[in-house]
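input-v4.cif (mmCIF, C-alpha atoms) appears below.
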data_start
#
loop_
_atom_site.group_PDB
_atom_site.id
_atom_site.type_symbol
_atom_site.label_atom_id
_atom_site.label_comp_id
_atom_site.auth_asym_id
_atom_site.auth_seq_id
_atom_site.Cartn_x
_atom_site.Cartn_y
_atom_site.Cartn_z
ATOM 1 C CA MET N 1 -15.387 -29.615 -1.062
ATOM 2 C CA ALA N 2 -13.151 -28.935 -4.082
ATOM 3 C CA ASP N 3 -14.622 -29.700 -7.488
ATOM 4 C CA ASP N 4 -12.918 -31.812 -10.169
ATOM 5 C CA THR N 5 -11.546 -28.729 -11.919
ATOM 6 C CA THR N 6 -9.756 -27.583 -8.787
ATOM 7 C CA PHE N 7 -8.309 -31.054 -8.223
ATOM 8 C CA SER N 8 -7.014 -31.376 -11.767
ATOM 9 C CA ALA N 9 -5.407 -27.955 -11.576
ATOM 10 C CA SER N 10 -3.420 -28.934 -8.507
ATOM 11 C CA TYR N 11 -2.510 -32.469 -9.579
ATOM 12 C CA ASP N 12 -2.570 -33.786 -13.124
ATOM 13 C CA ASN N 13 -3.119 -37.560 -13.249
ATOM 14 C CA SER N 14 -2.252 -37.578 -16.955
ATOM 15 C CA ALA N 15 1.198 -36.135 -16.319
ATOM 16 C CA THR N 16 4.345 -38.226 -16.670
ATOM 17 C CA PRO N 17 5.813 -39.758 -13.480
ATOM 18 C CA VAL N 18 8.619 -37.198 -13.342
ATOM 19 C CA ALA N 19 6.099 -34.401 -13.872
ATOM 20 C CA ARG N 20 4.038 -35.655 -10.933
ATOM 21 C CA VAL N 21 7.172 -35.583 -8.789
ATOM 22 C CA ALA N 22 7.956 -32.035 -9.907
ATOM 23 C CA GLN N 23 4.365 -30.957 -9.224
ATOM 24 C CA ASN N 24 4.909 -31.496 -5.501
ATOM 25 C CA SER N 25 5.231 -27.899 -4.308
ATOM 26 C CA ILE N 26 7.711 -28.626 -1.503
ATOM 27 C CA PHE N 27 9.934 -30.742 -3.753
ATOM 28 C CA GLU N 28 9.848 -28.120 -6.503
ATOM 29 C CA ARG N 29 10.734 -25.251 -4.180
ATOM 30 C CA PHE N 30 13.743 -27.061 -2.763
ATOM 31 C CA ALA N 31 14.813 -28.227 -6.219
ATOM 32 C CA ARG N 32 14.608 -24.664 -7.508
ATOM 33 C CA ALA N 33 16.635 -23.595 -4.487
ATOM 34 C CA GLY N 34 19.366 -25.746 -5.995
ATOM 35 C CA PHE N 35 19.634 -23.221 -8.827
ATOM 36 C CA VAL N 36 19.921 -20.432 -6.244
ATOM 37 C CA MET N 37 22.711 -22.272 -4.416
ATOM 38 C CA SER N 38 24.436 -22.968 -7.720
ATOM 39 C CA GLY N 39 24.188 -19.256 -8.497
ATOM 40 C CA ILE N 40 25.778 -18.353 -5.162
ATOM 41 C CA VAL N 41 28.621 -20.823 -5.749
ATOM 42 C CA HIS N 42 29.295 -19.386 -9.218
ATOM 43 C CA LEU N 43 29.171 -15.811 -7.892
ATOM 44 C CA LEU N 44 31.767 -16.685 -5.255
ATOM 45 C CA ILE N 45 34.009 -18.495 -7.751
ATOM 46 C CA GLY N 46 33.902 -15.487 -10.074
ATOM 47 C CA TYR N 47 34.528 -13.129 -7.162
ATOM 48 C CA ILE N 48 37.598 -15.114 -6.043
ATOM 49 C CA ALA N 49 38.967 -15.126 -9.609
ATOM 50 C CA VAL N 50 38.524 -11.351 -9.926
ATOM 51 C CA ARG N 51 40.049 -10.835 -6.476
ATOM 52 C CA ILE N 52 43.115 -12.851 -7.464
ATOM 53 C CA ALA N 53 43.415 -10.870 -10.712
ATOM 54 C CA LEU N 54 43.350 -7.570 -8.839
ATOM 55 C CA GLY N 55 46.053 -8.688 -6.437
ATOM 56 C CA GLY N 56 43.769 -9.142 -3.462
ATOM 57 C CA ALA N 57 43.706 -11.994 -0.973
ATOM 58 C CA GLY N 58 44.251 -15.394 -2.520
ATOM 59 C CA GLY N 59 41.920 -18.334 -2.483
ATOM 60 C CA THR N 60 40.867 -21.282 -4.556
ATOM 61 C CA ALA N 61 38.762 -20.228 -7.520
ATOM 62 C CA ASP N 62 36.637 -23.345 -7.680
ATOM 63 C CA GLN N 63 33.727 -25.073 -5.947
ATOM 64 C CA SER N 64 35.670 -25.846 -2.765
ATOM 65 C CA GLY N 65 36.989 -22.287 -2.564
ATOM 66 C CA ALA N 66 33.477 -20.910 -2.969
ATOM 67 C CA MET N 67 32.132 -23.129 -0.191
ATOM 68 C CA THR N 68 35.035 -22.215 2.079
ATOM 69 C CA GLU N 69 34.233 -18.557 1.441
ATOM 70 C CA LEU N 70 30.530 -19.164 2.150
ATOM 71 C CA ALA N 71 31.211 -21.128 5.340
ATOM 72 C CA GLY N 72 33.187 -18.180 6.704
ATOM 73 C CA GLN N 73 30.276 -15.754 6.368
ATOM 74 C CA PRO N 74 27.579 -15.138 9.035
ATOM 75 C CA GLY N 75 24.886 -17.751 8.470
ATOM 76 C CA GLY N 76 27.093 -19.487 5.928
ATOM 77 C CA VAL N 77 26.922 -22.897 7.607
ATOM 78 C CA VAL N 78 23.121 -22.737 7.640
ATOM 79 C CA ALA N 79 23.192 -21.830 3.949
ATOM 80 C CA LEU N 80 25.410 -24.838 3.279
ATOM 81 C CA TRP N 81 22.964 -27.184 5.037
ATOM 82 C CA VAL N 82 20.168 -25.714 2.913
ATOM 83 C CA GLY N 83 22.421 -26.322 -0.057
ATOM 84 C CA VAL N 84 22.831 -29.988 0.889
ATOM 85 C CA VAL N 85 19.050 -30.475 0.766
ATOM 86 C CA ALA N 86 18.541 -28.313 -2.325
ATOM 87 C CA PHE N 87 21.359 -29.924 -4.328
ATOM 88 C CA SER N 88 20.179 -33.408 -3.305
ATOM 89 C CA LEU N 89 16.605 -32.745 -4.447
ATOM 90 C CA MET N 90 17.861 -31.158 -7.655
ATOM 91 C CA ALA N 91 19.934 -34.310 -8.269
ATOM 92 C CA LEU N 92 16.928 -36.536 -7.578
ATOM 93 C CA TRP N 93 14.817 -34.518 -10.020
ATOM 94 C CA ARG N 94 17.467 -34.919 -12.734
ATOM 95 C CA LEU N 95 17.784 -38.616 -11.883
ATOM 96 C CA ALA N 96 14.008 -38.989 -12.309
ATOM 97 C CA GLU N 97 14.294 -37.304 -15.709
ATOM 98 C CA ALA N 98 17.087 -39.700 -16.678
ATOM 99 C CA ALA N 99 15.009 -42.730 -15.684
ATOM 100 C CA LEU N 100 11.505 -41.628 -16.703
ATOM 101 C CA GLY N 101 11.992 -38.894 -19.284
ATOM 102 C CA SER N 102 11.535 -35.141 -19.225
ATOM 103 C CA SER N 103 8.437 -33.659 -17.641
ATOM 104 C CA SER N 104 8.215 -30.876 -20.244
ATOM 105 C CA GLY N 105 7.000 -32.001 -23.659
ATOM 106 C CA PRO N 106 8.490 -35.508 -23.645
ATOM 107 C CA ASP N 107 6.302 -36.639 -26.534
ATOM 108 C CA ALA N 108 7.687 -33.948 -28.827
ATOM 109 C CA ASP N 109 11.204 -35.387 -28.800
ATOM 110 C CA SER N 110 12.518 -37.972 -31.231
ATOM 111 C CA THR N 111 13.994 -41.196 -29.867
ATOM 112 C CA LYS N 112 17.528 -39.910 -30.469
ATOM 113 C CA SER N 113 16.778 -36.602 -28.766
ATOM 114 C CA GLU N 114 15.161 -38.415 -25.839
ATOM 115 C CA VAL N 115 18.292 -40.538 -25.324
ATOM 116 C CA VAL N 116 20.508 -37.443 -25.416
ATOM 117 C CA ASN N 117 18.241 -35.645 -22.935
ATOM 118 C CA ARG N 118 18.326 -38.599 -20.551
ATOM 119 C CA VAL N 119 22.113 -38.799 -20.706
ATOM 120 C CA LYS N 120 22.340 -35.061 -19.995
ATOM 121 C CA ALA N 121 19.900 -35.423 -17.094
ATOM 122 C CA PHE N 122 21.970 -38.260 -15.602
ATOM 123 C CA SER N 123 25.170 -36.221 -15.974
ATOM 124 C CA LEU N 124 23.551 -33.271 -14.204
ATOM 125 C CA ALA N 125 22.329 -35.595 -11.457
ATOM 126 C CA VAL N 126 25.934 -36.689 -10.853
ATOM 127 C CA VAL N 127 27.086 -33.050 -10.753
ATOM 128 C CA TYR N 128 24.413 -32.035 -8.243
ATOM 129 C CA PHE N 129 25.067 -35.081 -6.050
ATOM 130 C CA ALA N 130 28.736 -34.034 -6.041
ATOM 131 C CA PHE N 131 27.697 -30.497 -5.049
ATOM 132 C CA ALA N 132 25.539 -31.919 -2.247
ATOM 133 C CA PHE N 133 28.380 -34.119 -0.987
ATOM 134 C CA SER N 134 30.810 -31.194 -1.069
ATOM 135 C CA ALA N 135 28.366 -28.880 0.713
ATOM 136 C CA PHE N 136 27.797 -31.601 3.334
ATOM 137 C CA GLY N 137 31.525 -31.791 4.017
ATOM 138 C CA PHE N 138 31.909 -28.036 4.444
ATOM 139 C CA ALA N 139 28.709 -27.740 6.502
ATOM 140 C CA ARG N 140 30.201 -30.260 8.956
ATOM 141 C CA GLY N 141 33.396 -28.258 9.180
ATOM 142 C CA GLY N 142 35.403 -30.502 6.865
ATOM 143 C CA GLY N 143 35.706 -30.408 3.117
ATOM 144 C CA GLY N 144 38.791 -30.573 0.974
ATOM 145 C CA SER N 145 40.381 -28.775 -1.939
ATOM 146 C CA SER N 146 38.955 -29.745 -5.325
ATOM 147 C CA SER N 147 42.289 -28.892 -6.952
ATOM 148 C CA GLU N 148 44.250 -31.196 -4.657
ATOM 149 C CA GLN N 149 41.763 -34.001 -5.206
ATOM 150 C CA SER N 150 42.014 -33.590 -8.998
ATOM 151 C CA THR N 151 45.801 -33.642 -8.840
ATOM 152 C CA GLY N 152 45.845 -36.733 -6.618
ATOM 153 C CA ILE N 153 43.447 -38.693 -8.832
ATOM 154 C CA THR N 154 45.399 -37.708 -11.960
ATOM 155 C CA ALA N 155 48.716 -38.774 -10.403
ATOM 156 C CA ARG N 156 47.355 -42.207 -9.454
ATOM 157 C CA MET N 157 45.794 -42.808 -12.868
ATOM 158 C CA MET N 158 48.954 -41.798 -14.730
ATOM 159 C CA HIS N 159 50.787 -44.803 -13.231
ATOM 160 C CA THR N 160 48.985 -47.169 -15.608
ATOM 161 C CA THR N 161 48.455 -47.207 -19.360
ATOM 162 C CA ALA N 162 44.716 -47.725 -18.942
ATOM 163 C CA GLY N 163 44.557 -44.810 -16.522
ATOM 164 C CA THR N 164 46.456 -42.574 -18.933
ATOM 165 C CA ILE N 165 44.105 -43.448 -21.790
ATOM 166 C CA ALA N 166 41.132 -42.836 -19.501
ATOM 167 C CA LEU N 167 42.507 -39.404 -18.569
ATOM 168 C CA VAL N 168 42.921 -38.378 -22.208
ATOM 169 C CA ALA N 169 39.396 -39.608 -22.950
ATOM 170 C CA ALA N 170 38.078 -37.712 -19.912
ATOM 171 C CA GLY N 171 39.886 -34.566 -21.052
ATOM 172 C CA LEU N 172 38.324 -34.813 -24.508
ATOM 173 C CA ILE N 173 34.857 -35.376 -23.002
ATOM 174 C CA ILE N 174 35.289 -32.348 -20.733
ATOM 175 C CA ILE N 175 36.337 -30.231 -23.730
ATOM 176 C CA ALA N 176 33.254 -31.471 -25.614
ATOM 177 C CA ILE N 177 31.017 -30.534 -22.666
ATOM 178 C CA GLY N 178 32.602 -27.087 -22.612
ATOM 179 C CA GLY N 179 32.034 -26.746 -26.341
ATOM 180 C CA TYR N 180 28.385 -27.700 -25.875
ATOM 181 C CA HIS N 181 27.981 -24.950 -23.265
ATOM 182 C CA VAL N 182 29.553 -22.421 -25.646
ATOM 183 C CA TYR N 183 27.228 -23.573 -28.449
ATOM 184 C CA LYS N 184 24.207 -23.438 -26.149
ATOM 185 C CA GLY N 185 25.025 -19.876 -25.158
ATOM 186 C CA ALA N 186 26.006 -18.604 -28.604
ATOM 187 C CA THR N 187 22.874 -20.009 -30.261
ATOM 188 C CA GLN N 188 20.611 -19.257 -27.260
ATOM 189 C CA SER N 189 19.370 -22.852 -27.374
ATOM 190 C CA PHE N 190 18.875 -22.608 -23.612
ATOM 191 C CA LEU N 191 15.667 -20.634 -24.175
ATOM 192 C CA PRO N 192 13.418 -23.710 -24.679
ATOM 193 C CA ASP N 193 14.418 -24.802 -21.154
ATOM 194 C CA LEU N 194 12.636 -21.748 -19.758
ATOM 195 C CA LYS N 195 8.911 -21.209 -19.346
ATOM 196 C CA GLY N 196 7.058 -18.089 -20.436
ATOM 197 C CA ALA N 197 8.406 -15.033 -22.217
ATOM 198 C CA THR N 198 12.017 -14.199 -21.364
ATOM 199 C CA SER N 199 13.359 -10.688 -21.036
ATOM 200 C CA THR N 200 16.328 -9.330 -22.955
ATOM 201 C CA LEU N 201 18.309 -9.279 -19.696
ATOM 202 C CA VAL N 202 17.718 -12.993 -19.065
ATOM 203 C CA ARG N 203 18.705 -13.855 -22.637
ATOM 204 C CA ARG N 204 21.904 -11.838 -22.377
ATOM 205 C CA LEU N 205 22.809 -13.317 -18.998
ATOM 206 C CA GLY N 206 22.261 -16.809 -20.391
ATOM 207 C CA THR N 207 24.273 -16.138 -23.543
ATOM 208 C CA VAL N 208 27.299 -14.665 -21.774
ATOM 209 C CA GLY N 209 27.054 -17.065 -18.843
ATOM 210 C CA TYR N 210 26.937 -20.247 -20.898
ATOM 211 C CA VAL N 211 29.776 -19.126 -23.179
ATOM 212 C CA ALA N 212 31.982 -18.149 -20.216
ATOM 213 C CA LYS N 213 31.284 -21.360 -18.329
ATOM 214 C CA GLY N 214 31.848 -23.409 -21.474
ATOM 215 C CA LEU N 215 35.251 -21.847 -22.061
ATOM 216 C CA ALA N 216 36.195 -22.506 -18.428
ATOM 217 C CA ILE N 217 35.103 -26.153 -18.657
ATOM 218 C CA ALA N 218 36.999 -26.630 -21.929
ATOM 219 C CA ALA N 219 40.120 -25.175 -20.299
ATOM 220 C CA ILE N 220 39.861 -27.777 -17.525
ATOM 221 C CA GLY N 221 39.785 -30.553 -20.118
ATOM 222 C CA ALA N 222 42.762 -29.054 -21.938
ATOM 223 C CA LEU N 223 44.749 -28.961 -18.688
ATOM 224 C CA VAL N 224 43.986 -32.641 -18.039
ATOM 225 C CA ILE N 225 45.346 -33.592 -21.463
ATOM 226 C CA LEU N 226 48.339 -31.281 -20.990
ATOM 227 C CA ALA N 227 49.083 -32.918 -17.635
ATOM 228 C CA VAL N 228 49.140 -36.337 -19.320
ATOM 229 C CA LEU N 229 51.326 -35.204 -22.228
ATOM 230 C CA ARG N 230 53.826 -33.584 -19.857
ATOM 231 C CA SER N 231 53.550 -36.304 -17.188
ATOM 232 C CA GLU N 232 52.895 -33.523 -14.692
ATOM 233 C CA PRO N 233 49.750 -34.301 -12.643
ATOM 234 C CA ASP N 234 49.985 -30.892 -10.951
ATOM 235 C CA GLU N 235 48.809 -29.375 -14.229
ATOM 236 C CA ALA N 236 45.366 -30.988 -13.750
ATOM 237 C CA ARG N 237 44.129 -28.644 -11.029
ATOM 238 C CA GLY N 238 40.547 -28.235 -12.122
ATOM 239 C CA LEU N 239 38.852 -24.860 -12.452
ATOM 240 C CA ASP N 240 41.265 -23.132 -10.070
ATOM 241 C CA GLY N 241 44.182 -24.325 -12.181
ATOM 242 C CA ALA N 242 42.469 -23.125 -15.350
ATOM 243 C CA PHE N 243 41.962 -19.647 -13.883
ATOM 244 C CA LYS N 244 45.498 -19.378 -12.534
ATOM 245 C CA THR N 245 46.982 -20.616 -15.803
ATOM 246 C CA LEU N 246 44.982 -17.921 -17.575
ATOM 247 C CA GLY N 247 46.218 -15.334 -15.095
ATOM 248 C CA ALA N 248 49.824 -16.281 -15.831
ATOM 249 C CA GLN N 249 49.472 -15.345 -19.523
ATOM 250 C CA PRO N 250 50.298 -11.929 -21.022
ATOM 251 C CA PHE N 251 47.526 -9.532 -19.964
ATOM 252 C CA GLY N 252 46.541 -12.303 -17.569
ATOM 253 C CA ALA N 253 44.921 -9.957 -15.065
ATOM 254 C CA VAL N 254 42.575 -8.595 -17.733
ATOM 255 C CA LEU N 255 41.771 -12.091 -18.991
ATOM 256 C CA LEU N 256 41.164 -13.351 -15.461
ATOM 257 C CA VAL N 257 38.818 -10.450 -14.665
ATOM 258 C CA ALA N 258 36.912 -11.200 -17.883
ATOM 259 C CA ALA N 259 36.701 -14.923 -17.050
ATOM 260 C CA GLY N 260 35.635 -14.254 -13.473
ATOM 261 C CA SER N 261 33.012 -11.773 -14.653
ATOM 262 C CA GLY N 262 31.692 -14.394 -17.064
ATOM 263 C CA ILE N 263 31.296 -16.935 -14.252
ATOM 264 C CA ILE N 264 29.534 -14.269 -12.172
ATOM 265 C CA THR N 265 27.189 -13.718 -15.112
ATOM 266 C CA TYR N 266 26.364 -17.436 -15.153
ATOM 267 C CA GLY N 267 25.674 -17.197 -11.424
ATOM 268 C CA LEU N 268 23.186 -14.398 -12.065
ATOM 269 C CA TYR N 269 21.565 -16.459 -14.816
ATOM 270 C CA SER N 270 21.223 -19.339 -12.333
ATOM 271 C CA PHE N 271 18.912 -17.110 -10.272
ATOM 272 C CA ALA N 272 16.777 -16.639 -13.383
ATOM 273 C CA MET N 273 16.744 -20.419 -13.899
ATOM 274 C CA ALA N 274 15.446 -20.832 -10.349
ATOM 275 C CA ARG N 275 12.322 -18.972 -11.404
ATOM 276 C CA TYR N 276 11.860 -19.827 -15.063
ATOM 277 C CA THR N 277 13.206 -23.363 -15.630
ATOM 278 C CA LYS N 278 10.544 -25.826 -16.717
ATOM 279 C CA MET N 279 9.976 -28.579 -14.156
#

Written form, structure tokens:
Amino acid sequence: MADDTTFSASYDNSATPVARVAQNSIFERFARAGFVMSGIVHLLIGYIAVRIALGGAGGTADQSGAMTELAGQPGGVVALWVGVVAFSLMALWRLAEAALGSSSGPDADSTKSEVVNRVKAFSLAVVYFAFAFSAFGFARGGGGSSSEQSTGITARMMHTTAGTIALVAAGLIIIAIGGYHVYKGATQSFLPDLKGATSTLVRRLGTVGYVAKGLAIAAIGALVILAVLRSEPDEARGLDGAFKTLGAQPFGAVLLVAAGSGIITYGLYSFAMARYTKM
């Protein structure tokens, strides 16, 4: 019979509700697998961008393109079904954080910081639910182009004044999110999210990865605003549009290789997050 010490080591009754959820070993493993799947998606997006830059086979350098690429590989459909579960559990974990607070040091945060953290957790929950939904579509043999969906939504919203204002606001928010990623990477403020001592390699992967992803996100927001100003919804083509716009610039191939390599770096950092992120 296990003694009280053993019991408390495996399950802490004093922990916050979200911490008790995260302490479930099966839940945690699948949630961490969400970081692995996210890493794979980012690796494939970066690979497609580099391939386009080098004049190789085309493709869509975004989430849908990455999942199409994955589905075409041996065992890819199985990986996508795993991704559906992993992304869903990751979203539920973030949703629990949004509702109940962070499981790691919640008492140390000020009220303002706690509100910001909950908003970020909710935003991440939405992102991971979207990933799960997309993976579900491709696992079933369906799935659509993210770029086409972005263009279609933009076109419909541009027919009304309220929709146009909403698009500009969305573009500014996306740019702000990108700027936050750049700041997080440049200042290495992602380190408190990790447990234990971090190696120089992990710190460098995080720095480069966050900055590269932030610039890519900001470019998406800029394209949304540009699409509104020009009344050309085709300009709002998401991440794929941002990459291809970059590739069309002088020295575009070099810039696109650099951007794709940065996204690959973030993918590699995602593998580190799977192991070291506090839950």

Quick one: residues within 12 Å of Gly141 of chain N, only C-alpha atoms counted, chain neighbours fewer than 2 positions away excluded, as a list in words? Met67, Thr68, Leu70, Ala71, Gly72, Gly76, Val77, Val78, Leu80, Trp81, Ser134, Ala135, Phe136, Gly137, Phe138, Ala139, Gly143 and Gly144 of chain N

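Proximity to Gly252 of chain N was assessed for N:Trp93, N:Tyr276, N:Thr265, N:Ala49 counting only C-alpha atoms; the smallest distance is recorded for N:Ala49.
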
How would you write, as a ChimeraX atom specification, the residues chosen by the PyMOL selection byres ((chain N and resi 172-178) around 7) on this structure? /N:168-171,179-182,214-215,217-218,221-222

Atom pair atom CA of Met279 of chain N + atom CA of Glu28 of chain N, distance 7.7 Å

In Å, rounded to a single decimal, give me how far atom CA of Gly262 of chain N is from atom CA of Leu229 of chain N. 29.1 Å

Could you list, as an mmCIF file with C-alpha atoms, keeping the file's coordinate frame, every residue matched by the PyMOL selection byres ((chain N and resi 278) around 9) in this structure?
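Writing done, so here's part-v6.cif:
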data_model
loop_
_atom_site.group_PDB
_atom_site.id
_atom_site.type_symbol
_atom_site.label_atom_id
_atom_site.label_comp_id
_atom_site.auth_asym_id
_atom_site.auth_seq_id
_atom_site.Cartn_x
_atom_site.Cartn_y
_atom_site.Cartn_z
ATOM 1 C CA SER N 103 8.437 -33.659 -17.641
ATOM 2 C CA SER N 104 8.215 -30.876 -20.244
ATOM 3 C CA PRO N 192 13.418 -23.710 -24.679
ATOM 4 C CA ASP N 193 14.418 -24.802 -21.154
ATOM 5 C CA LEU N 194 12.636 -21.748 -19.758
ATOM 6 C CA LYS N 195 8.911 -21.209 -19.346
ATOM 7 C CA MET N 273 16.744 -20.419 -13.899
ATOM 8 C CA ARG N 275 12.322 -18.972 -11.404
ATOM 9 C CA TYR N 276 11.860 -19.827 -15.063
ATOM 10 C CA THR N 277 13.206 -23.363 -15.630
ATOM 11 C CA MET N 279 9.976 -28.579 -14.156
#

Point-to-point distance in Å for atom CA of Leu124 of chain N and atom CA of Ala91 of chain N: 7.0 Å

Within 12 Å of segment 145-167 of chain N, which residues of segment 201-247 of chain N come that close, and what is the closest atom pair and distance in Å for each? Count only C-alpha atoms and give it as a Markdown table.
| residue | atom | partner | partner_atom | distance |
| --- | --- | --- | --- | --- |
| N:Ile220 | CA | N:Ser150 | CA | 10.5 |
| N:Gly221 | CA | N:Leu167 | CA | 9.4 |
| N:Ala222 | CA | N:Leu167 | CA | 10.9 |
| N:Leu223 | CA | N:Leu167 | CA | 10.7 |
| N:Val224 | CA | N:Leu167 | CA | 6.9 |
| N:Ile225 | CA | N:Leu167 | CA | 7.1 |
| N:Leu226 | CA | N:Leu167 | CA | 10.3 |
| N:Ala227 | CA | N:Thr154 | CA | 8.3 |
| N:Val228 | CA | N:Thr164 | CA | 6.8 |
| N:Leu229 | CA | N:Thr164 | CA | 9.4 |
| N:Arg230 | CA | N:Met158 | CA | 10.8 |
| N:Ser231 | CA | N:Met158 | CA | 7.6 |
| N:Glu232 | CA | N:Ala155 | CA | 8.0 |
| N:Pro233 | CA | N:Ala155 | CA | 5.1 |
| N:Asp234 | CA | N:Thr151 | CA | 5.4 |
| N:Glu235 | CA | N:Thr151 | CA | 7.5 |
| N:Ala236 | CA | N:Thr151 | CA | 5.6 |
| N:Arg237 | CA | N:Ser147 | CA | 4.5 |
| N:Gly238 | CA | N:Ser147 | CA | 5.5 |
| N:Leu239 | CA | N:Ser147 | CA | 7.6 |
| N:Asp240 | CA | N:Ser147 | CA | 6.6 |
| N:Gly241 | CA | N:Ser147 | CA | 7.2 |
| N:Ala242 | CA | N:Ser147 | CA | 10.2 |
| N:Phe243 | CA | N:Ser147 | CA | 11.6 |
| N:Lys244 | CA | N:Ser147 | CA | 11.5 |

Once the PyMOL selection byres ((chain N and resi 44) around 8) has been evaluated on this model, what residues remain selected, and can you format them as JSON, numbers by chain? {"N": [40, 41, 42, 43, 45, 46, 47, 48, 66, 69, 70, 264]}

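Distances here use all atoms listed in the file; by that measure, the residue among N:Ala130, N:Ala248, N:Leu100, N:Val84 closest to Phe30 of chain N is N:Val84.
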
Could you give me, as an MDAnalysis selection string, the residues that have an atom at most 9 Å away from the point (20.9, -33.0, -6.9) in the coordinates of the file, using only C-alpha atoms? chainID N and resid 31 34 84:95 124:132

Please tell me which residues are no farther than 10 Å from (16.2, -41.4, -15.8) in the file, counting all atoms listed in the file, and write them as a compact mmCIF listing (two decimals) with C-alpha atoms, in the frame of the given file.
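That gives us part.txt:
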# COMPACT_ATOMS: atom_id res chain seq x y z
CA VAL N 18 8.62 -37.20 -13.34
CA LEU N 92 16.93 -36.54 -7.58
CA TRP N 93 14.82 -34.52 -10.02
CA ARG N 94 17.47 -34.92 -12.73
CA LEU N 95 17.78 -38.62 -11.88
CA ALA N 96 14.01 -38.99 -12.31
CA GLU N 97 14.29 -37.30 -15.71
CA ALA N 98 17.09 -39.70 -16.68
CA ALA N 99 15.01 -42.73 -15.68
CA LEU N 100 11.50 -41.63 -16.70
CA GLY N 101 11.99 -38.89 -19.28
CA SER N 102 11.54 -35.14 -19.23
CA VAL N 115 18.29 -40.54 -25.32
CA ASN N 117 18.24 -35.65 -22.94
CA ARG N 118 18.33 -38.60 -20.55
CA VAL N 119 22.11 -38.80 -20.71
CA LYS N 120 22.34 -35.06 -20.00
CA ALA N 121 19.90 -35.42 -17.09
CA PHE N 122 21.97 -38.26 -15.60
CA ALA N 125 22.33 -35.60 -11.46

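With all atoms listed in the file as the basis for measurement, N:Gly206 is the residue among N:Gly185, N:Gly83, N:Gly75, N:Gly206 that approaches Gly267 of chain N most closely.
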